[in-house]
file model.cif (mmCIF, C-alpha atoms)
data_upload
#
loop_
_atom_site.label_atom_id
_atom_site.label_comp_id
_atom_site.auth_asym_id
_atom_site.auth_seq_id
_atom_site.Cartn_x
_atom_site.Cartn_y
_atom_site.Cartn_z
CA MET A 11 54.36 23.31 87.99
CA ASP A 12 52.63 24.23 84.75
CA GLU A 13 53.85 21.79 82.09
CA LYS A 14 51.82 23.55 79.41
CA ARG A 15 53.65 26.79 80.14
CA VAL A 16 57.03 25.03 79.93
CA LYS A 17 56.04 23.41 76.64
CA GLU A 18 54.91 26.72 75.14
CA TRP A 19 58.15 28.38 76.21
CA ALA A 20 60.27 25.54 74.80
CA VAL A 21 58.44 25.42 71.46
CA ALA A 22 58.79 29.17 71.02
CA TRP A 23 62.46 29.15 72.07
CA ILE A 24 63.41 26.28 69.78
CA THR A 25 61.48 27.73 66.83
CA GLU A 26 62.91 31.22 67.23
CA ARG A 27 66.44 30.58 68.53
CA ILE A 28 67.63 27.27 67.09
CA ASP A 29 68.26 27.37 63.34
CA ALA A 30 66.44 24.40 61.79
CA ARG A 31 68.74 24.48 58.77
CA ARG A 32 71.81 23.99 60.97
CA TRP A 33 70.22 21.76 63.62
CA CYS A 34 67.89 19.79 61.37
CA TYR A 35 67.98 16.72 63.66
CA HIS A 36 68.12 18.32 67.12
CA HIS A 37 65.13 20.54 66.49
CA LEU A 38 61.46 20.61 67.40
CA GLU A 39 60.51 17.24 65.88
CA HIS A 40 63.18 15.46 67.95
CA THR A 41 61.93 17.22 71.08
CA ARG A 42 58.33 16.19 70.40
CA MET A 43 59.42 12.59 69.77
CA PHE A 44 61.47 12.62 72.96
CA VAL A 45 58.44 13.71 75.00
CA GLU A 46 56.29 11.03 73.34
CA ASP A 47 58.87 8.36 74.08
CA VAL A 48 59.61 9.36 77.66
CA THR A 49 55.84 9.42 78.31
CA GLU A 50 55.39 5.95 76.82
CA PHE A 51 58.42 4.48 78.60
CA GLY A 52 57.52 6.18 81.88
CA ARG A 53 53.96 4.88 81.89
CA ALA A 54 55.14 1.39 81.01
CA SER A 55 57.62 1.61 83.89
CA GLY A 56 54.90 2.55 86.36
CA VAL A 57 56.24 5.94 87.44
CA SER A 58 53.93 8.26 89.35
CA ALA A 59 52.01 11.12 87.75
CA GLU A 60 54.36 13.59 89.45
CA GLU A 61 57.44 11.79 88.14
CA LEU A 62 55.96 11.61 84.65
CA GLU A 63 55.41 15.36 84.70
CA LEU A 64 59.05 15.92 85.68
CA LEU A 65 60.17 13.66 82.83
CA ARG A 66 57.99 15.46 80.30
CA VAL A 67 59.13 18.90 81.44
CA ALA A 68 62.76 17.78 81.24
CA GLY A 69 62.02 16.41 77.78
CA TRP A 70 60.69 19.72 76.53
CA LEU A 71 63.79 21.50 77.81
CA HIS A 72 66.55 18.97 77.23
CA ASP A 73 67.92 20.42 73.97
CA VAL A 74 67.23 24.15 74.37
CA GLY A 75 70.94 24.67 75.07
CA TYR A 76 71.76 24.21 71.38
CA ALA A 77 70.88 27.89 70.94
CA VAL A 78 73.70 28.91 73.29
CA ASP A 79 76.50 26.30 73.29
CA ALA A 80 76.07 23.14 71.24
CA ALA A 81 79.19 21.51 72.67
CA ASP A 82 77.87 21.74 76.24
CA HIS A 83 74.16 21.97 75.48
CA GLU A 84 73.06 19.62 78.26
CA GLU A 85 74.66 21.74 80.98
CA VAL A 86 73.35 24.95 79.41
CA ALA A 87 69.83 23.50 79.20
CA ALA A 88 70.03 22.31 82.81
CA GLY A 89 70.94 25.80 83.95
CA MET A 90 68.15 27.36 81.92
CA ALA A 91 65.68 24.81 83.32
CA LEU A 92 66.27 26.03 86.87
CA ASP A 93 64.77 29.39 85.93
CA ILE A 94 62.10 28.17 83.51
CA VAL A 95 60.68 25.60 85.94
CA ARG A 96 60.53 28.12 88.79
CA GLU A 97 58.92 30.71 86.52
CA SER A 98 56.34 28.04 85.60
CA GLY A 99 55.30 27.50 89.18
CA GLY A 100 57.71 24.72 90.06
CA GLU A 101 59.29 24.33 93.47
CA PRO A 102 63.09 24.72 93.81
CA GLY A 103 63.35 20.97 94.39
CA GLU A 104 61.44 20.25 91.18
CA ALA A 105 63.68 22.63 89.25
CA GLY A 106 66.76 20.84 90.56
CA LEU A 107 65.35 17.44 89.62
CA VAL A 108 64.54 18.60 86.09
CA ALA A 109 68.08 19.95 85.72
CA SER A 110 69.51 16.61 86.87
CA LEU A 111 67.31 14.73 84.41
CA ILE A 112 68.55 16.92 81.56
CA ARG A 113 72.18 16.36 82.55
CA ALA A 114 71.53 12.60 82.45
CA THR A 115 71.02 12.77 78.66
CA LYS A 116 74.75 13.37 78.19
CA LEU A 117 76.14 10.15 76.72
CA SER A 118 79.21 10.24 78.94
CA CYS A 119 77.05 10.20 82.09
CA SER A 120 75.86 7.06 83.85
CA PRO A 121 72.20 7.22 84.90
CA ARG A 122 71.79 6.98 88.67
CA ASN A 123 68.10 6.06 88.95
CA LEU A 124 65.04 5.00 86.95
CA LEU A 125 64.05 8.52 85.92
CA GLU A 126 67.51 9.25 84.54
CA GLU A 127 67.47 5.90 82.74
CA LEU A 128 64.14 6.82 81.15
CA MET A 129 65.60 10.11 79.93
CA ARG A 130 68.53 8.34 78.30
CA ASP A 131 66.28 5.75 76.69
CA ALA A 132 63.94 8.41 75.33
CA ASP A 133 66.82 10.37 73.82
CA LEU A 134 67.78 7.25 71.83
CA GLY A 135 64.28 5.88 71.46
CA ARG A 136 64.08 6.42 67.70
CA LEU A 137 66.99 4.07 67.12
CA GLY A 138 64.42 1.33 67.56
CA THR A 139 61.70 2.60 65.20
CA GLU A 140 60.90 2.07 61.53
CA ASP A 141 61.76 5.67 60.67
CA PHE A 142 65.35 5.26 61.93
CA PRO A 143 66.94 5.48 58.43
CA GLU A 144 65.25 8.81 57.74
CA ARG A 145 66.25 10.12 61.19
CA ALA A 146 69.82 8.95 60.59
CA LEU A 147 70.03 10.87 57.31
CA LEU A 148 68.81 14.00 59.09
CA PHE A 149 71.58 13.52 61.64
CA ARG A 150 74.09 13.13 58.80
CA ARG A 151 72.92 16.37 57.25
CA GLU A 152 73.23 18.09 60.62
CA LEU A 153 76.81 16.84 61.01
CA GLU A 154 77.64 18.02 57.50
CA GLN A 155 76.16 21.44 58.23
CA GLY A 156 78.70 21.56 61.07
CA GLY A 157 81.58 20.73 58.73
CA ARG A 158 81.84 16.93 59.12
CA HIS A 159 81.51 15.29 55.71
CA PHE A 160 81.27 11.58 54.99
CA SER A 161 81.11 9.16 52.13
CA ASP A 162 78.09 6.87 52.32
CA LEU A 163 80.29 4.06 53.59
CA GLU A 164 81.93 6.25 56.23
CA PHE A 165 78.60 7.45 57.55
CA TRP A 166 76.93 4.06 57.78
CA ARG A 167 80.03 2.58 59.41
CA LEU A 168 79.76 5.35 61.99
CA GLU A 169 76.11 4.48 62.55
CA ALA A 170 76.86 0.77 62.79
CA GLU A 171 79.53 1.40 65.42
CA PHE A 172 77.20 3.62 67.43
CA LEU A 173 74.30 1.17 67.26
CA SER A 174 76.58 -1.62 68.44
CA ARG A 175 77.18 0.30 71.68
CA VAL A 176 73.54 1.19 72.39
CA ASN A 177 71.65 -0.74 75.04
CA TYR A 178 68.41 0.51 76.56
CA PHE A 179 68.51 0.83 80.33
CA THR A 180 64.89 0.21 81.22
CA GLU A 181 62.80 -2.91 80.77
CA ALA A 182 60.10 -0.76 79.15
CA ALA A 183 62.39 0.56 76.43
CA ARG A 184 63.94 -2.86 75.85
CA LYS A 185 60.49 -4.34 75.36
CA LEU A 186 59.08 -1.50 73.25
CA ARG A 187 62.16 -0.65 71.14
CA GLY A 188 64.62 -3.49 71.58
CA PRO A 189 63.33 -5.58 68.65
CA GLY A 190 63.38 -2.50 66.42
CA LEU A 191 66.92 -1.69 67.51
CA GLU A 192 68.02 -5.18 66.51
CA ARG A 193 66.31 -4.83 63.12
CA ASN A 194 68.01 -1.50 62.53
CA ARG A 195 71.40 -2.91 63.51
CA ALA A 196 70.84 -5.61 60.88
CA ARG A 197 69.69 -3.08 58.28
CA VAL A 198 72.73 -0.88 58.83
CA GLY A 199 75.05 -3.87 58.86
CA LYS A 200 73.67 -5.00 55.51
CA LYS A 201 74.07 -1.49 54.10
CA VAL A 202 77.70 -1.39 55.25
CA ARG A 203 78.41 -4.77 53.66
CA ILE A 204 76.90 -3.71 50.33
CA LEU A 205 78.76 -0.39 50.31
CA THR A 206 82.02 -2.13 51.25
CA GLU A 207 81.62 -4.59 48.40
CA MET A 208 80.92 -1.73 45.98
CA SER A 209 84.00 0.17 47.15
CA ASP A 210 86.18 -2.94 46.68
CA GLN A 211 85.17 -3.41 43.06
#

call {"tool": "encode", "arguments": {"input": "model.cif", "output": "structure tokens"}}
result
Amino acid sequence: MDEKRVKEWAVAWITERIDARRWCYHHLEHTRMFVEDVTEFGRASGVSAEELELLRVAGWLHDVGYAVDAADHEEVAAGMALDIVRESGGEPGEAGLVASLIRATKLSCSPRNLLEELMRDADLGRLGTEDFPERALLFRRELEQGGRHFSDLEFWRLEAEFLSRVNYFTEAARKLRGPGLERNRARVGKKVRILTEMSDQ
């Protein structure tokens, strides 16, 4: 399988087909960060070179479905991956594995193995980094572009509730991003308290 070919296809597809004004969070920067994170977490978890390639390929393709059906983008991307991986020299079994890894990024799914856990952790990896507030505001703008509008307090309460439910699956992600996740939970909690006090005055 030619990962470079998959990457080139994904970058071109996302750039040309997914409107960066509408999907300002789920766009190329998120995809690049996902691939960086799944690579870091995968190496720290001791996966094989072949498994790491599958993870990276799935990372490049995991959000391409936003161009077709945002509500079911994981399933759309998984279906597209079957063709893209085969066209990039992958075996049918590899294509099926990549599709399964993409489906594992759906929040309602429960990861069934280490590779699927790594995919889920990478998709939420930036919740544990210093640039989380900036990423969160991009996500807010994306939601508002889709018609969901919030006051500052409403948005940060939403983020606080989401962060409270996030737990990384793998030891690698817990070690590398767990402390940052805790710091960001505290930062958002403080922001909510300040905004609540302001709204009560």

call {"tool": "residues_near_point", "arguments": {"input": "model.cif", "point": "(60.2, 32.1, 83.7)", "cutoff": "12 Å", "atoms": "only C-alpha atoms", "output": "PDB file with C-alpha atoms, in the coordinates of the input"}}
result
ATOM      1  CA  MET A  11      54.360  23.310  87.990  1.00  0.00           C
ATOM      2  CA  ASP A  12      52.630  24.230  84.750  1.00  0.00           C
ATOM      3  CA  ARG A  15      53.650  26.790  80.140  1.00  0.00           C
ATOM      4  CA  VAL A  16      57.030  25.030  79.930  1.00  0.00           C
ATOM      5  CA  LYS A  17      56.040  23.410  76.640  1.00  0.00           C
ATOM      6  CA  GLU A  18      54.910  26.720  75.140  1.00  0.00           C
ATOM      7  CA  TRP A  19      58.150  28.380  76.210  1.00  0.00           C
ATOM      8  CA  ALA A  20      60.270  25.540  74.800  1.00  0.00           C
ATOM      9  CA  MET A  90      68.150  27.360  81.920  1.00  0.00           C
ATOM     10  CA  ALA A  91      65.680  24.810  83.320  1.00  0.00           C
ATOM     11  CA  LEU A  92      66.270  26.030  86.870  1.00  0.00           C
ATOM     12  CA  ASP A  93      64.770  29.390  85.930  1.00  0.00           C
ATOM     13  CA  ILE A  94      62.100  28.170  83.510  1.00  0.00           C
ATOM     14  CA  VAL A  95      60.680  25.600  85.940  1.00  0.00           C
ATOM     15  CA  ARG A  96      60.530  28.120  88.790  1.00  0.00           C
ATOM     16  CA  GLU A  97      58.920  30.710  86.520  1.00  0.00           C
ATOM     17  CA  SER A  98      56.340  28.040  85.600  1.00  0.00           C
ATOM     18  CA  GLY A  99      55.300  27.500  89.180  1.00  0.00           C
ATOM     19  CA  GLY A 100      57.710  24.720  90.060  1.00  0.00           C
ATOM     20  CA  ALA A 105      63.680  22.630  89.250  1.00  0.00           C
TER      21      ALA A 105
END

call {"tool": "resolve_selection", "arguments": {"input": "model.cif", "expression": "the PyMOL selection byres ((chain A and resi 164) around 12)", "output": "JSON list (two decimals) with C-alpha atoms, in the frame of the given file"}}
result
[["chain", "number", "residue", "atom", "x", "y", "z"],
["A", 150, "ARG", "CA", 74.09, 13.13, 58.80],
["A", 158, "ARG", "CA", 81.84, 16.93, 59.12],
["A", 159, "HIS", "CA", 81.51, 15.29, 55.71],
["A", 160, "PHE", "CA", 81.27, 11.58, 54.99],
["A", 161, "SER", "CA", 81.11, 9.16, 52.13],
["A", 162, "ASP", "CA", 78.09, 6.87, 52.32],
["A", 163, "LEU", "CA", 80.29, 4.06, 53.59],
["A", 165, "PHE", "CA", 78.60, 7.45, 57.55],
["A", 166, "TRP", "CA", 76.93, 4.06, 57.78],
["A", 167, "ARG", "CA", 80.03, 2.58, 59.41],
["A", 168, "LEU", "CA", 79.76, 5.35, 61.99],
["A", 169, "GLU", "CA", 76.11, 4.48, 62.55],
["A", 170, "ALA", "CA", 76.86, 0.77, 62.79],
["A", 171, "GLU", "CA", 79.53, 1.40, 65.42],
["A", 198, "VAL", "CA", 72.73, -0.88, 58.83],
["A", 201, "LYS", "CA", 74.07, -1.49, 54.10],
["A", 202, "VAL", "CA", 77.70, -1.39, 55.25],
["A", 203, "ARG", "CA", 78.41, -4.77, 53.66],
["A", 205, "LEU", "CA", 78.76, -0.39, 50.31],
["A", 206, "THR", "CA", 82.02, -2.13, 51.25],
["A", 209, "SER", "CA", 84.00, 0.17, 47.15]]

call {"tool": "resolve_selection", "arguments": {"input": "model.cif", "expression": "the PyMOL selection byres ((chain A and resi 145) around 12)", "output": "VMD selection string"}}
result
chain A and resid 34 to 37 39 to 40 43 134 to 144 146 to 152 169 194

call {"tool": "closest_residue", "arguments": {"input": "model.cif", "among": "A:Phe172, A:Glu13, A:Ala80, A:Thr41", "to": "Glu104 (chain A)", "atoms": "only C-alpha atoms"}}
result
A:Glu13

call {"tool": "closest_residue", "arguments": {"input": "model.cif", "among": "A:Val67, A:Ile28, A:Val45, A:Leu173", "to": "Gly199 (chain A)", "atoms": "all atoms listed in the file"}}
result
A:Leu173

call {"tool": "axis_aligned_box", "arguments": {"input": "model.cif", "around": "region 161-173 of chain A", "padding_each_side": "6 Å", "output": "lines of an AutoDock Vina configuration file"}}
result
center_x = 78.1
center_y = 5.0
center_z = 59.8
size_x = 19.6
size_y = 20.4
size_z = 27.3

call {"tool": "atom_distance", "arguments": {"input": "model.cif", "atom1": "CA of Met208 (chain A)", "atom2": "CA of Glu192 (chain A)"}}
result
24.5 Å

call {"tool": "resolve_selection", "arguments": {"input": "model.cif", "expression": "the PyMOL selection byres ((chain A and resi 87) around 8)", "output": "VMD selection string"}}
result
chain A and resid 71 to 75 83 to 86 88 to 91 109 112

call {"tool": "atom_distance", "arguments": {"input": "model.cif", "atom1": "CA of Leu125 (chain A)", "atom2": "CA of Ala59 (chain A)"}}
result
12.5 Å

call {"tool": "atom_distance", "arguments": {"input": "model.cif", "atom1": "CA of Asn123 (chain A)", "atom2": "CA of Asp82 (chain A)"}}
result
22.4 Å

call {"tool": "closest_residue", "arguments": {"input": "model.cif", "among": "A:Val108, A:Leu117, A:Val21, A:Leu124", "to": "Glu181 (chain A)", "atoms": "only C-alpha atoms"}}
result
A:Leu124

call {"tool": "closest_residue", "arguments": {"input": "model.cif", "among": "A:Asp210, A:Asp131, A:Glu63, A:Glu26", "to": "Asp47 (chain A)", "atoms": "all atoms listed in the file"}}
result
A:Asp131

call {"tool": "closest_residue", "arguments": {"input": "model.cif", "among": "A:Thr180, A:Glu50, A:Arg130, A:Phe44", "to": "Ser118 (chain A)", "atoms": "only C-alpha atoms"}}
result
A:Arg130

call {"tool": "closest_residue", "arguments": {"input": "model.cif", "among": "A:Ser174, A:Thr49, A:Thr115, A:Ser110", "to": "Leu62 (chain A)", "atoms": "all atoms listed in the file"}}
result
A:Thr49
